[in-house]
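Asks: Just passing along the structure, written as structure tokens.
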Amino acid sequence: MPEHETHTVPVPLPSATRSDHQPRLFARGNLAAVSVLAGGTVLYAMNLYFTAALLPSIVDDIGGAHLYAWVATGFLLAAVISSMLVARTISAMGARGAYLLGFGAFALGSAAAALSSSMELFVASRVLQGVGGGLLAGLGYAVIRSALPQALWLKAAALVSAMWGVGALVGPSLGGIFAELDAWRAAYAVLAVVAVVLGAASRSALPARVEGAERAEPLPYASLVALVLVAASFSLAPMFAPIGYDGFLIGLGVLLLLLFLVIEARARHTVLPRMTFQRGNPLKWVYLLVAALCAGVMVETYVPLFGQQLGGLSPVLAGFLGAALSLGWTGSQLFSVRFGPRLSALVMVIAPLLLAGSLVAYGMLQQGEVTGGRIILWVIALVLAGTGIGAAFPHLSVRAMGSSDDQAEGEKAAAALSTTQLISYALVSALLGVFAAGGAGDTALVAERISFGLGILTAAGVIPGIMLFLSWRRATRAEGKLK
């Protein structure tokens with residue numbers, strides 16, 4: 001699709017100070033819908049950490065250590081694909097039907113995991129979980145517009161975004177408890193029950209259909225194939241590092257990602273909203289900044305290891321250390337929703353700088369004697385990194401939702417936030433394996449390489465952050481002239 005000038009009608013964003021009679025997020029009429037939106041997101045968000053804590057026990061029981069990496073890879077690939085179908089699922093089935101499908105697939109996958117007798121069956125169950133989880137992750141953002149009044153969009157977006165941090169806080173500890181009890185099958189049975197309960201709640205909490213929704217577009221097969229190949233290339237790269245093909249696979253993944261973008265820009269039916277590729281529309285910068293911020297989140301997969309091997313922490317304390325970034329992410333959102341228009345625009349530039357600087361500081365603190373004071377500095381650096389993410393994320397969600405006055409396009413733009421997150425996670429998880437391999441078994445050096453590498457990736461988010469700030473300034477000046 002060739003670039004051309006576009007003029008979109010801005011959607012008025014909610015303001016916490018617009019009226020003294022603002023609707024409340026947790027009022028009786030909104031509580032059920034909010035619980036479903038938040039519950040579905042946290043169910044997905046906690047799952048990777050939850051399974052990581054249980055996986056050693058699972059391998060001890062049913063074997064299959066050679067498929068260890070595919071437990072996460074299968075889940076992630078399935079989630080990437082299903083997250084891209086969120087807007088079309090809503091269009092075809094309505095908000096209620098889409099959530100029933102997501103919770104149903106997640107519950108079936110969890111039940112199958114609890115009954116698995118081999119690692120092959122367990123990986124297959126994780127793929128089914130990923131199908132449901134990817135839908136739930138995208139629906140958490142996409143259904144806000146149709147389930148809640150516009151004055152609550154910002155608060156609801158902040159709550160859904162915070163659930164990613166809550167999942168990272170709850171997942172490791174809850175999984176560790178089940179592992180200590182040697183009850184990994186019961187753990188997945190509990191997940192299945194929770195998914196069924198939330199699915200039942202969605203029947204009465206959400207609208208059956210989206211008002212004005214049109215028939216679903218045909219699937220963008222070329223884009224889907226390209227993006228699945230991108231995710232596969234990045235996910236397989238660490239597995240081929242011992243024979244020297246990891247660089248080739250990462251390079252291939254980058255080329256396939258460029259191919260995906262070219263296909264998207266020219267295709268009639270797309271994964272991302274068409275607005276993404278229109279000249280003058282800031283939605284592309286929203287997605288790029290989301291990708292950069294999400295890159296920083298992936299440090300959490302290694303922090304518990306560093307805590308145990310470098311800091312001498314127990315597994316429980318190392319798990320809490322791993323949750324420090326999520327704590328900063330969750331906590332900062334309680335304050336960032338109060339930011340006015342100017343500060344919310346400025347934070348787009350500050351957030352990636354704070355995240356990158358904190359990750360570099362964490363890496364610099366890995367060398368030398370580890371004392372209690374140094375561990376406290378680790379915690380501070382990780383909390384500050386999470387603060388950068390949480391300060392920007394709710395405003396990015398609202399920017400996406402308000403990118404068009406067309407409800408269907410707005411929901412598609414919001415759903416693509418989750419797809420962007422998952423793609424970023426897949427890419428960066430592969431790069432972390434490459435960074436770690438370069439440490440030659442020296443844990444302190446591995447920690448440095450991972451932290452500095454992520455610092456560089458997240459610092460690149462300053463560019464889309466600046467573009468979003470400039471876009472806000474132009475819009476503000478234009479509005480002033482109109483007045």
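Residue names in the structure tokens use chain letters A, B, ... in the order shown, residue numbers from 1 in each chain, and ligand numbers from 1 in the order shown.
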Can you pull out the residues contacting Ala183 (chain A)? Cut-off 10 Å, using only C-alpha atoms, and skip same-chain residues under 6 positions away; I want them as a PyMOL selection string.
Replies: chain A and resi 54+57-58+114+175+177
Asks: Might you pull out every residue within 9 Å of Phe469 (chain A), with only C-alpha atoms counted and same-chain residues fewer than 4 positions away left off, and present them as a VMD selection string?
Replies: chain A and resid 342 344 to 349 464 to 465 473 to 474
